[in-house]
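Text of the file upload_27.tsv, holding TSV, C-alpha atoms:
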chain	number	residue	atom	x	y	z
A	781	MET	CA	87.82	69.83	113.06
A	782	LYS	CA	85.99	73.19	113.05
A	783	ASN	CA	82.82	73.80	111.05
A	784	ILE	CA	83.55	76.00	108.06
A	785	GLU	CA	79.97	77.02	107.19
A	786	ASN	CA	80.02	80.22	109.26
A	787	TYR	CA	83.07	81.44	107.37
A	788	ILE	CA	81.50	80.63	103.99
A	789	ASN	CA	78.50	82.73	105.06
A	790	LEU	CA	80.83	85.62	105.95
A	791	ILE	CA	82.29	85.54	102.43
A	792	GLU	CA	78.81	85.50	100.92
A	793	LYS	CA	77.68	88.38	103.13
A	794	ASN	CA	80.60	90.49	101.85
A	795	LYS	CA	80.57	89.17	98.28
A	796	ASN	CA	80.60	92.64	96.67
A	797	TYR	CA	83.93	93.44	98.31
A	798	PHE	CA	85.42	90.08	97.42
A	799	ASP	CA	84.25	90.38	93.79
A	800	ILE	CA	86.06	93.73	93.49
A	801	TYR	CA	89.14	92.22	95.17
A	802	TYR	CA	89.11	89.25	92.80
A	803	GLN	CA	88.66	91.30	89.61
A	804	ASN	CA	91.47	93.70	90.48
A	805	LEU	CA	93.78	90.96	91.73
A	806	ILE	CA	93.46	89.06	88.45
A	807	SER	CA	93.87	92.11	86.20
A	808	TYR	CA	96.88	93.37	88.21
A	809	ASN	CA	98.35	89.87	88.24
A	810	GLU	CA	98.81	90.09	84.46
A	811	LYS	CA	101.57	92.66	84.92
A	812	VAL	CA	102.87	91.80	88.40
A	813	ASN	CA	103.05	88.18	89.60
A	814	LEU	CA	100.98	88.10	92.80
A	815	THR	CA	99.34	84.67	92.71
A	816	SER	CA	99.50	81.48	90.69
A	817	ILE	CA	95.84	80.80	91.55
A	818	ILE	CA	93.54	82.65	89.14
A	819	ASP	CA	90.38	80.49	88.87
A	820	LYS	CA	87.59	82.40	90.64
A	821	ASN	CA	86.33	79.49	92.73
A	822	GLU	CA	89.88	78.62	93.81
A	823	VAL	CA	90.70	82.21	94.73
A	824	PHE	CA	87.53	82.48	96.80
A	825	ILE	CA	88.31	79.26	98.69
A	826	LYS	CA	92.12	79.08	98.82
A	827	HIS	CA	92.73	82.80	99.35
A	828	PHE	CA	89.61	84.57	100.65
A	829	LEU	CA	87.90	81.85	102.71
A	830	ASP	CA	91.22	80.51	103.95
A	831	SER	CA	92.29	83.97	105.13
A	832	ILE	CA	89.28	84.52	107.40
A	833	LEU	CA	89.46	81.19	109.26
A	834	SER	CA	91.14	82.93	112.21
A	835	VAL	CA	88.67	85.80	112.74
A	836	ASP	CA	87.02	84.28	115.83
A	837	GLU	CA	90.41	84.31	117.58
A	838	ILE	CA	90.95	88.05	117.14
A	839	GLN	CA	89.76	90.44	119.85
A	840	GLN	CA	87.55	93.43	119.11
A	841	ASN	CA	89.40	96.51	117.80
A	842	ALA	CA	92.68	94.61	117.69
A	843	ARG	CA	95.76	96.17	116.15
A	844	LEU	CA	97.00	93.58	113.63
A	845	ILE	CA	100.19	93.28	111.61
A	846	ASP	CA	100.54	91.03	108.56
A	847	VAL	CA	104.20	90.06	108.04
A	848	GLY	CA	104.95	89.21	104.40
A	849	ALA	CA	101.50	90.36	103.29
A	850	GLY	CA	102.02	89.67	99.58
A	851	ALA	CA	98.72	90.28	97.79
A	852	GLY	CA	96.97	91.02	101.09
A	853	PHE	CA	96.34	87.54	102.46
A	854	PRO	CA	95.24	87.02	105.16
A	855	SER	CA	94.83	90.56	106.53
A	856	LEU	CA	92.68	92.20	103.82
A	857	PRO	CA	89.97	89.50	103.83
A	858	ILE	CA	90.06	89.68	107.64
A	859	LYS	CA	89.54	93.45	107.47
A	860	ILE	CA	86.64	93.03	105.02
A	861	VAL	CA	84.70	90.77	107.39
A	862	ARG	CA	85.95	92.48	110.59
A	863	PRO	CA	86.14	96.23	109.89
A	864	ASP	CA	86.79	96.90	113.59
A	865	ILE	CA	90.34	95.55	113.22
A	866	ASP	CA	93.18	98.00	112.51
A	867	ILE	CA	95.58	96.47	109.97
A	868	THR	CA	99.20	97.09	109.00
A	869	MET	CA	100.58	95.18	106.01
A	870	LEU	CA	104.34	94.70	105.81
A	871	ASP	CA	106.24	93.36	102.80
A	872	SER	CA	109.86	93.46	101.64
A	873	LEU	CA	108.92	93.90	97.95
A	874	ASN	CA	107.79	97.37	96.92
A	875	LYS	CA	105.78	96.09	93.93
A	876	ARG	CA	103.52	94.25	96.38
A	877	ILE	CA	103.08	97.35	98.52
A	878	THR	CA	102.14	99.27	95.35
A	879	PHE	CA	99.42	96.68	94.72
A	880	LEU	CA	98.24	96.82	98.34
A	881	ASN	CA	97.89	100.61	98.16
A	882	TYR	CA	95.97	100.20	94.89
A	883	ILE	CA	93.56	97.50	96.13
A	884	CYS	CA	92.91	99.28	99.44
A	885	LYS	CA	91.85	102.34	97.45
A	886	LYS	CA	89.56	100.21	95.26
A	887	LEU	CA	87.98	98.62	98.33
A	888	ASN	CA	87.88	101.89	100.27
A	889	ILE	CA	89.75	100.21	103.11
A	890	LYS	CA	92.07	102.00	105.50
A	891	SER	CA	95.37	100.20	106.02
A	892	THR	CA	98.98	101.11	106.78
A	893	ASN	CA	101.12	99.48	104.07
A	894	ILE	CA	104.88	99.46	104.63
A	895	HIS	CA	107.78	98.44	102.39
A	896	MET	CA	110.31	97.03	104.86
A	897	ARG	CA	111.83	93.82	106.14
A	898	ALA	CA	110.37	92.55	109.42
A	899	GLU	CA	113.78	92.69	111.14
A	900	ASP	CA	114.14	96.39	110.35
A	901	PHE	CA	110.53	97.25	111.19
A	902	ALA	CA	110.95	95.65	114.63
A	903	LYS	CA	113.70	98.11	115.56
A	904	THR	CA	111.18	100.91	116.08
A	905	ASN	CA	107.90	98.99	116.49
A	906	ARG	CA	108.43	96.51	119.30
A	907	GLU	CA	105.41	95.36	121.32
A	908	LYS	CA	102.93	97.60	119.46
A	909	PHE	CA	100.49	95.01	118.08
A	910	ASP	CA	97.81	92.74	119.53
A	911	VAL	CA	97.92	90.22	116.67
A	912	GLY	CA	100.54	89.15	114.15
A	913	VAL	CA	99.56	87.03	111.14
A	914	ALA	CA	101.55	85.30	108.42
A	915	ARG	CA	100.60	83.03	105.54
A	916	ALA	CA	103.03	81.13	103.30
A	917	VAL	CA	106.04	83.07	104.64
A	918	ALA	CA	108.36	80.77	106.63
A	919	LYS	CA	108.63	77.89	109.08
A	920	LEU	CA	107.20	78.49	112.57
A	921	ASN	CA	110.57	78.94	114.30
A	922	THR	CA	111.51	81.65	111.77
A	923	LEU	CA	108.06	83.26	111.84
A	924	ALA	CA	108.18	83.50	115.62
A	925	GLU	CA	111.38	85.54	115.44
A	926	TYR	CA	109.81	87.92	112.92
A	927	ILE	CA	106.46	88.36	114.66
A	928	LEU	CA	106.76	87.90	118.45
A	929	PRO	CA	109.00	90.99	118.98
A	930	LEU	CA	106.21	93.10	117.41
A	931	LEU	CA	103.50	91.82	119.78
A	932	LYS	CA	102.46	93.08	123.18
A	933	VAL	CA	102.68	90.53	125.99
A	934	GLY	CA	99.30	88.79	125.87
A	935	GLY	CA	99.06	89.22	122.09
A	936	ILE	CA	98.74	86.33	119.66
A	937	MET	CA	100.63	85.17	116.60
A	938	ILE	CA	98.47	83.39	114.00
A	939	ALA	CA	100.32	81.19	111.50
A	940	TYR	CA	98.47	79.72	108.52
A	941	LYS	CA	99.78	76.26	107.71
A	942	GLY	CA	98.97	73.25	105.54
A	943	SER	CA	98.18	69.70	106.60
A	944	ASN	CA	101.53	68.59	108.08
A	945	ILE	CA	102.14	70.74	111.14
A	946	ASP	CA	103.30	68.40	113.94
A	947	GLU	CA	106.98	68.32	112.94
A	948	GLU	CA	107.07	72.10	112.51
A	949	LEU	CA	105.57	72.58	115.96
A	950	ASP	CA	108.18	70.26	117.46
A	951	LEU	CA	111.02	72.17	115.78
A	952	SER	CA	109.66	75.50	117.04
A	953	LYS	CA	109.60	74.63	120.77
A	954	SER	CA	113.05	76.06	121.52
A	955	ALA	CA	112.42	79.24	119.51
A	956	LEU	CA	109.10	79.87	121.26
A	957	THR	CA	110.70	79.48	124.69
A	958	ILE	CA	113.51	81.92	123.81
A	959	LEU	CA	111.19	84.47	122.20
A	960	GLY	CA	108.46	84.45	124.86
A	961	GLY	CA	105.81	82.50	122.98
A	962	LYS	CA	103.60	79.56	123.89
A	963	HIS	CA	101.59	77.32	121.54
A	964	VAL	CA	98.02	77.40	122.84
A	965	LYS	CA	96.05	75.60	120.12
A	966	THR	CA	95.81	74.61	116.49
A	967	LEU	CA	92.54	74.98	114.56
A	968	HIS	CA	91.92	72.28	111.93
A	969	PHE	CA	89.79	72.88	108.83
A	970	THR	CA	88.89	71.00	105.66
A	971	LEU	CA	88.44	73.40	102.75
A	972	PRO	CA	85.41	72.86	100.45
A	973	ASN	CA	85.59	71.06	97.09
A	974	GLU	CA	88.48	68.87	98.25
A	975	MET	CA	90.88	71.84	98.24
A	976	GLY	CA	92.91	70.52	101.14
A	977	GLU	CA	93.42	70.65	104.89
A	978	ARG	CA	94.26	73.81	106.81
A	979	ASN	CA	95.85	74.32	110.20
A	980	ILE	CA	95.75	77.68	111.97
A	981	VAL	CA	98.42	77.74	114.68
A	982	ILE	CA	97.80	80.10	117.61
A	983	ILE	CA	100.84	81.22	119.61
A	984	LYS	CA	100.38	83.47	122.65
A	985	LYS	CA	103.10	85.88	123.72
A	986	VAL	CA	103.51	85.15	127.42
A	987	ASN	CA	106.83	86.92	128.09
A	988	PRO	CA	108.74	89.87	126.59
A	989	THR	CA	111.04	88.99	123.70
A	990	PRO	CA	114.75	89.62	124.43
A	991	VAL	CA	115.91	92.83	122.73
A	992	LYS	CA	118.50	91.06	120.54
A	993	TYR	CA	115.69	89.43	118.51
A	994	PRO	CA	114.93	89.53	115.65
A	995	ARG	CA	118.47	89.12	114.35
A	996	ASP	CA	119.72	90.96	111.25
A	997	LYS	CA	121.21	89.67	107.97
A	998	ASN	CA	118.39	87.16	107.30
A	999	LEU	CA	119.59	85.01	110.23
A	1000	PRO	CA	116.03	84.04	111.30
A	1001	LYS	CA	115.78	82.11	108.01
A	1002	LEU	CA	119.43	81.09	107.55
A	1003	LYS	CA	119.98	79.97	111.15
A	1004	PRO	CA	116.58	79.42	112.82
A	1005	LEU	CA	116.49	79.21	116.61

Go ahead and render the structure in this file as structure tokens.
Amino acid sequence: MKNIENYINLIEKNKNYFDIYYQNLISYNEKVNLTSIIDKNEVFIKHFLDSILSVDEIQQNARLIDVGAGAGFPSLPIKIVRPDIDITMLDSLNKRITFLNYICKKLNIKSTNIHMRAEDFAKTNREKFDVGVARAVAKLNTLAEYILPLLKVGGIMIAYKGSNIDEELDLSKSALTILGGKHVKTLHFTLPNEMGERNIVIIKKVNPTPVKYPRDKNLPKLKPL
């Protein structure tokens, strides 16, 4: 179980940014549903703190893609505490991309925000990124098919998961082998104020992903490897 104090200090150090993020997230959320969590303390712990728990795993000046970025978690909090990282946020819903463009402007953060499905994006962006992240998007075997084709060999996929991860890891073994990934470690955290357990799964891309992946027509979700 990793110590969470350093990450709490990072949030505190950048509190001005996170206050602006919170205020705009909540006001925007009144017209576009972005999050069901609106209490300030909960947002700071379950969204902001949670998002940055992987920062020590990310190399300096990494090129990072967030697949299914939603309201910007985890990549925007990562960018706030690690401005050296270059971020691309990808989402299939344009209303979320509109929010991401809006909040990046408010925070004066540079980000490439793209309205596209991961399967389509991969057709012209294979092996371009050092890091791929995803939070509350899909099971590991599906996530691997979305993210690993986008990563350079040697890059890492970071999947944010809840407390029960062992079964998901077991079910993903075949997919990882096919797609060129290898599970290297899982970071375990306990969030403050009894807000739950967190597992950060680190997958390294050790081999190129076969060109036929990711599959079209939502097959990564409908028929996972």

message: Applying 7 Å and only C-alpha atoms, which residues near range 906-919 of chain A remain after dropping the ones on its own chain fewer than 6 positions away? List them as a list in words.
response: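 So, after excluding close chain neighbours, the residues are Ala842, Arg843, Leu844, Ile845, Asp846, Val847, Gly848, Phe853, Pro854, Ile927, Pro929, Leu930, Leu931, Lys932, Gly935, Ile936, Met937, Ile938, Ala939, Tyr940 and Glu948 of chain A.
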
message: List as number ranges by chain the protein and nucleic acid residues near Ile825 in chain A, meaning an atom at most 8 Å away when all atoms listed in the file are counted, but skip any in the same chain fewer than 6 places from it.
response: A: 971-972, 975

Could you write out that same residue set with C-alpha atoms as a short mmCIF file (atom, residue, chain, number, x, y, z; two decimals), in the coordinates of the input?
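Saved result, part_12.cif, follows:
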data_model
loop_
_atom_site.label_atom_id
_atom_site.label_comp_id
_atom_site.auth_asym_id
_atom_site.auth_seq_id
_atom_site.Cartn_x
_atom_site.Cartn_y
_atom_site.Cartn_z
CA LEU A 971 88.44 73.40 102.75
CA PRO A 972 85.41 72.86 100.45
CA MET A 975 90.88 71.84 98.24
#

Any idea what's packed within 9 Å of range 876-885 of chain A, counting all atoms listed in the file, ignoring anything in its chain fewer than 6 positions away? Could you give it as an mmCIF file with C-alpha atoms, in the frame of the given file?
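This went into part02.cif:
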data_model
loop_
_atom_site.group_PDB
_atom_site.id
_atom_site.type_symbol
_atom_site.label_atom_id
_atom_site.label_comp_id
_atom_site.auth_asym_id
_atom_site.auth_seq_id
_atom_site.Cartn_x
_atom_site.Cartn_y
_atom_site.Cartn_z
ATOM 1 C CA ILE A 800 86.060 93.730 93.490
ATOM 2 C CA TYR A 801 89.140 92.220 95.170
ATOM 3 C CA ASN A 804 91.470 93.700 90.480
ATOM 4 C CA LEU A 805 93.780 90.960 91.730
ATOM 5 C CA TYR A 808 96.880 93.370 88.210
ATOM 6 C CA VAL A 812 102.870 91.800 88.400
ATOM 7 C CA LEU A 814 100.980 88.100 92.800
ATOM 8 C CA ALA A 849 101.500 90.360 103.290
ATOM 9 C CA GLY A 850 102.020 89.670 99.580
ATOM 10 C CA ALA A 851 98.720 90.280 97.790
ATOM 11 C CA GLY A 852 96.970 91.020 101.090
ATOM 12 C CA LEU A 856 92.680 92.200 103.820
ATOM 13 C CA MET A 869 100.580 95.180 106.010
ATOM 14 C CA LEU A 870 104.340 94.700 105.810
ATOM 15 C CA SER A 891 95.370 100.200 106.020
ATOM 16 C CA THR A 892 98.980 101.110 106.780
ATOM 17 C CA ASN A 893 101.120 99.480 104.070
ATOM 18 C CA ILE A 894 104.880 99.460 104.630
ATOM 19 C CA HIS A 895 107.780 98.440 102.390
#

query: Could you pull the residues within 8 Å of range 955-968 of chain A, counting all atoms listed in the file, minus those fewer than 4 positions along the same chain, as a ChimeraX atom specification?
result: /A:781-782,921,924-925,928-929,977-990,993,1004-1005

- prompt: So how far away is CA of Ser872 in chain A from CA of Gln803 in chain A, in Å?
  reply: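 That distance, rounded to one decimal, is 24.5 Å.
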
message: As an exercise, work out the distance from CA of Asn998 in chain A to CA of Ser816 in chain A in Å and give it to one decimal place.
response: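 Spanning CA of Asn998 in chain A to CA of Ser816 in chain A is a straight-line distance of 25.8 Å.
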
field: Protein, DNA and RNA residues within 10 Å of (113.6, 94.0, 97.3), all atoms listed in the file, as a PyMOL selection string
entry: chain A and resi 871-875+895-897

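Here CA of Val835 in chain A stands at a distance of 28.0 Å from CA of Lys903 in chain A.
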
message: Taking all atoms listed in the file into account, name the residue in A:Lys992, A:Tyr802, A:Ile867, A:Asn794 that is nearest to Asn821 in chain A.
response: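 Closest residue, counting all atoms listed in the file: A:Tyr802.
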
message: Taking all atoms listed in the file into account, name the residue in A:Ile784, A:Leu1002, A:Ile945, A:Ile858 that is nearest to Phe969 in chain A.
response: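 The shortest atom-to-atom distance to Phe969 in chain A comes from A:Ile784.
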
Please give the centre and size of the box around range 813-830 of chain A (axis-aligned, containing every atom listed in the file, 4 Å added per side), with values in Å to one decimal and written as lines of an AutoDock Vina configuration file.
center_x = 94.7
center_y = 83.4
center_z = 96.4
size_x = 24.7
size_y = 17.6
size_z = 23.1

query: Closest to Asn783 in chain A among A:Pro863, A:Leu833, A:Ile818, A:Phe901, using all atoms listed in the file?
result: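 The answer is A:Leu833, which sits nearest to Asn783 in chain A.
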